[in-house]
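Asks: Here's a structure for you.
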Amino acid sequence: MKNKWISITNTLIFIALIIADILYITLGKPYIFKTLASSIFVILGIFNLVITFRLSKLNLWYKILLFCGLIFAFIGDILLIDYFILGAIFFGIGHVFYLAAFCTIKKPNLLDGVYVAIIIGFAFAIIFGYQNFNFNGMLSVIVSYAIIISLMLGKATANSRLKNYNRLVTNTIWLGALLFYLSDMFLLFGKFAAMGKVADILCLSSYYPAQGLLALSILFVNNISKNSIKQEQN
């Protein structure tokens with residue numbers, strides 16, 4: 001009964017997040033609907049952090065670090081409304097927390113580097129290959145951010161290949177990280193290539209589900225057995 005209640009609550013909060021996302025896409029008003037949507041994924045994170053802390057202390061650092069990432073993303077969301085560079089800095093810090101959380105599942109290794117190199121190469125191909133970008137003197141910020149988010153997605157991708165972990169956990173993390181990466185790519189085109197509404201819709205329709213999935217991963221890590229953690233950390 002308790003597990004059913006937890007699942008229902010998570011489902012309802014996630015649905016509320018999607019509804020808030022749709023309201024923001026269709027109605028705008030970032031101070032209202034953007035803040036609302038961002039608050040909801042933090043609430044989802046808080047709920048799962050409290051619930052899982054009471055259920056199990058297993059993989060506690062993952063939960064704490066991931067939740068810190070949600071908080072910095074929330075602050076970055078609000079700052080982006082009026083202060084793009086400052087918002088990007090907070091998002092970058094959030095991605096560092098996400099990366100640190102993913103590293104608690106599996107320590108950094110050579111395979112991580114392979115995935116990161118491929119993903120960074122893809123990001124750089126877009127940044128330097130697309131001729132219609134106008135970065136307004138912010139190229140260094142864009143490149144630095146691209147490296148950070150590529151590190152995050154690369155680690156999540158490498159972790160998704162682990163054999164001893166619950167697939168629900170690693171696939172949820174990977175999908176959340178991938179959607180986050182894609183949302184930032186769409187933001188790049190919307191902000192610096194004047195692609196307007198289409199890019200904005202693609203960005204927002206991938207961003208909030210990404211944060212929701214990452215918040216759900218705080219709950220799902222309780223499905224990981226102690227033996228799988230020991231095997232993968234060795």
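Here's how to read the names in the structure tokens: chain A, B, ... by the order shown, residue numbers from 1 in each chain, ligand numbers from 1 in the order shown.
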Please list as number ranges by chain every residue within 8 Å of Gly176 of chain A, counting only C-alpha atoms and excluding residues in the same chain fewer than 4 positions away.
Replies: A: 172, 180, 209-214
Asks: Those residues with C-alpha atoms, as a short mmCIF file (atom, residue, chain, number, x, y, z; two decimals), in the first residue's frame please?
Replies:
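Contents of the output file selection_4.cif:
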```
data_model
loop_
_atom_site.label_atom_id
_atom_site.label_comp_id
_atom_site.auth_asym_id
_atom_site.auth_seq_id
_atom_site.Cartn_x
_atom_site.Cartn_y
_atom_site.Cartn_z
CA THR A 172 15.72 7.01 -16.46
CA PHE A 180 18.36 18.09 -20.87
CA PRO A 209 10.34 16.27 -18.60
CA ALA A 210 14.14 15.96 -18.27
CA GLN A 211 14.11 17.54 -14.83
CA GLY A 212 11.13 15.42 -13.84
CA LEU A 213 12.91 12.21 -14.85
CA LEU A 214 16.04 13.19 -12.92
#
```
Asks: Please give the complete set of residues from segment 27-207 of chain A that DSSP, run on the backbone, assigns to alpha helix (DSSP H), formatted as a PyMOL selection string.
Replies: chain A and resi 27+35-55+60-80+84-105+110-129+139-159+167-192+196-207
Asks: Store the residues of this selection in a file with C-alpha atoms, as a CSV table (one decimal), in the first residue's frame.
Replies:
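The result, stored in again_20.csv:
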```
chain,number,residue,atom,x,y,z
A,27,LEU,CA,0.6,31.2,-22.4
A,35,THR,CA,8.4,29.6,-11.9
A,36,LEU,CA,5.5,27.2,-11.3
A,37,ALA,CA,7.0,24.5,-13.5
A,38,SER,CA,10.4,24.8,-12.0
A,39,SER,CA,9.0,24.7,-8.5
A,40,ILE,CA,7.2,21.5,-9.3
A,41,PHE,CA,10.3,19.5,-10.2
A,42,VAL,CA,11.9,20.7,-7.0
A,43,ILE,CA,8.8,19.5,-5.1
A,44,LEU,CA,9.1,16.2,-6.8
A,45,GLY,CA,12.8,16.0,-5.8
A,46,ILE,CA,12.0,17.0,-2.2
A,47,PHE,CA,9.2,14.3,-2.0
A,48,ASN,CA,11.5,11.6,-3.2
A,49,LEU,CA,14.4,12.7,-1.1
A,50,VAL,CA,12.3,12.6,2.1
A,51,ILE,CA,10.6,9.3,1.2
A,52,THR,CA,13.8,7.5,0.2
A,53,PHE,CA,15.7,8.8,3.2
A,54,ARG,CA,13.1,7.2,5.4
A,55,LEU,CA,13.1,4.0,3.4
A,60,LEU,CA,22.5,8.6,-0.2
A,61,TRP,CA,25.1,10.7,-1.9
A,62,TYR,CA,23.5,10.2,-5.2
A,63,LYS,CA,20.2,11.5,-3.8
A,64,ILE,CA,21.7,14.5,-2.1
A,65,LEU,CA,23.9,15.6,-5.1
A,66,LEU,CA,21.1,15.1,-7.6
A,67,PHE,CA,18.8,17.2,-5.4
A,68,CYS,CA,21.4,19.9,-5.2
A,69,GLY,CA,21.4,19.9,-9.0
A,70,LEU,CA,17.7,20.4,-9.1
A,71,ILE,CA,18.0,23.4,-6.7
A,72,PHE,CA,20.6,25.1,-8.9
A,73,ALA,CA,18.6,24.4,-12.0
A,74,PHE,CA,15.6,26.0,-10.3
A,75,ILE,CA,17.6,29.1,-9.5
A,76,GLY,CA,19.1,29.2,-13.0
A,77,ASP,CA,15.6,29.0,-14.5
A,78,ILE,CA,14.5,32.1,-12.6
A,79,LEU,CA,17.7,34.0,-13.4
A,80,LEU,CA,17.4,33.2,-17.1
A,84,PHE,CA,21.1,35.0,-19.1
A,85,ILE,CA,24.8,34.6,-18.3
A,86,LEU,CA,24.1,34.4,-14.5
A,87,GLY,CA,21.4,31.8,-15.2
A,88,ALA,CA,23.8,29.8,-17.3
A,89,ILE,CA,26.4,29.8,-14.5
A,90,PHE,CA,23.9,28.4,-12.1
A,91,PHE,CA,22.8,25.8,-14.6
A,92,GLY,CA,26.5,24.9,-15.2
A,93,ILE,CA,26.9,24.4,-11.4
A,94,GLY,CA,23.8,22.3,-11.4
A,95,HIS,CA,25.2,20.1,-14.1
A,96,VAL,CA,28.4,19.6,-12.0
A,97,PHE,CA,26.2,18.3,-9.2
A,98,TYR,CA,24.4,16.0,-11.7
A,99,LEU,CA,27.8,14.7,-12.9
A,100,ALA,CA,29.0,14.2,-9.3
A,101,ALA,CA,25.8,12.2,-8.6
A,102,PHE,CA,26.3,10.0,-11.6
A,103,CYS,CA,29.9,9.4,-10.5
A,104,THR,CA,28.6,7.8,-7.3
A,105,ILE,CA,27.0,5.1,-9.4
A,110,LEU,CA,38.1,5.4,-19.8
A,111,LEU,CA,34.8,4.5,-21.3
A,112,ASP,CA,33.3,7.7,-19.9
A,113,GLY,CA,36.0,9.7,-21.8
A,114,VAL,CA,35.0,8.0,-25.1
A,115,TYR,CA,31.3,9.0,-24.7
A,116,VAL,CA,32.2,12.5,-23.5
A,117,ALA,CA,34.5,13.0,-26.5
A,118,ILE,CA,31.8,12.0,-29.0
A,119,ILE,CA,29.2,14.2,-27.3
A,120,ILE,CA,31.5,17.2,-27.1
A,121,GLY,CA,32.4,16.7,-30.7
A,122,PHE,CA,28.8,16.8,-31.7
A,123,ALA,CA,28.2,20.0,-29.6
A,124,PHE,CA,31.2,21.7,-31.1
A,125,ALA,CA,30.2,20.6,-34.7
A,126,ILE,CA,26.9,22.5,-34.1
A,127,ILE,CA,28.4,25.5,-32.3
A,128,PHE,CA,31.2,26.1,-34.9
A,129,GLY,CA,29.6,24.5,-37.9
A,139,LEU,CA,31.1,32.2,-27.3
A,140,SER,CA,33.4,31.4,-24.4
A,141,VAL,CA,30.4,31.0,-22.1
A,142,ILE,CA,28.6,28.8,-24.7
A,143,VAL,CA,31.7,26.6,-25.2
A,144,SER,CA,32.3,26.2,-21.5
A,145,TYR,CA,28.7,25.3,-20.9
A,146,ALA,CA,28.7,22.8,-23.8
A,147,ILE,CA,31.7,21.0,-22.2
A,148,ILE,CA,30.0,20.8,-18.8
A,149,ILE,CA,26.7,19.4,-20.1
A,150,SER,CA,28.6,17.0,-22.4
A,151,LEU,CA,30.5,15.6,-19.4
A,152,MET,CA,27.1,15.1,-17.7
A,153,LEU,CA,25.5,13.3,-20.6
A,154,GLY,CA,28.6,11.3,-21.4
A,155,LYS,CA,28.7,9.9,-17.8
A,156,ALA,CA,25.0,9.2,-17.9
A,157,THR,CA,25.4,7.4,-21.2
A,158,ALA,CA,28.3,5.3,-19.9
A,159,ASN,CA,26.4,4.4,-16.8
A,167,ARG,CA,17.7,-0.8,-16.0
A,168,LEU,CA,14.9,1.4,-14.8
A,169,VAL,CA,17.5,3.4,-12.9
A,170,THR,CA,20.1,3.9,-15.5
A,171,ASN,CA,17.7,4.4,-18.4
A,172,THR,CA,15.7,7.0,-16.5
A,173,ILE,CA,18.9,8.9,-15.7
A,174,TRP,CA,20.2,8.6,-19.3
A,175,LEU,CA,16.9,9.8,-20.8
A,176,GLY,CA,16.7,12.7,-18.4
A,177,ALA,CA,20.3,13.7,-19.2
A,178,LEU,CA,19.7,13.3,-22.9
A,179,LEU,CA,16.5,15.4,-22.9
A,180,PHE,CA,18.4,18.1,-20.9
A,181,TYR,CA,21.2,18.1,-23.4
A,182,LEU,CA,18.8,18.4,-26.3
A,183,SER,CA,16.8,21.2,-24.6
A,184,ASP,CA,20.0,23.2,-24.3
A,185,MET,CA,20.7,22.6,-28.0
A,186,PHE,CA,17.3,23.9,-28.9
A,187,LEU,CA,17.8,26.9,-26.6
A,188,LEU,CA,21.0,27.6,-28.5
A,189,PHE,CA,19.1,27.9,-31.7
A,190,GLY,CA,16.3,29.9,-30.2
A,191,LYS,CA,18.6,32.4,-28.4
A,192,PHE,CA,21.4,32.8,-30.9
A,196,GLY,CA,12.0,31.7,-32.5
A,197,LYS,CA,8.9,29.8,-31.4
A,198,VAL,CA,9.8,26.4,-32.9
A,199,ALA,CA,13.1,26.2,-31.0
A,200,ASP,CA,11.4,27.5,-27.8
A,201,ILE,CA,8.7,24.8,-28.0
A,202,LEU,CA,11.3,22.1,-28.5
A,203,CYS,CA,13.4,23.4,-25.7
A,204,LEU,CA,10.6,23.6,-23.1
A,205,SER,CA,8.9,20.3,-24.2
A,206,SER,CA,12.2,18.5,-23.5
A,207,TYR,CA,13.5,20.5,-20.6
```
Asks: In Å, rounded to a single decimal, give me how far atom CA of Ile81 of chain A is from atom CA of Asn134 of chain A.
Replies: 19.5 Å
Asks: May I have the residues within 7 Å of Phe133 of chain A as a PyMOL selection string, using only C-alpha atoms and disregarding those fewer than 2 positions away in the same chain?
Replies: chain A and resi 130-131+135+192-193
Asks: Mind pulling up the distance from atom CA of Tyr24 of chain A to atom CA of Thr11 of chain A?
Replies: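 Rounded to one decimal, the two atoms are 20.0 Å apart.
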Asks: In Å, with one decimal, what is the gap from atom CA of Ile19 of chain A to atom CA of Tyr83 of chain A?
Replies: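 Interatomic distance, atom CA of Ile19 of chain A to atom CA of Tyr83 of chain A: 25.7 Å.
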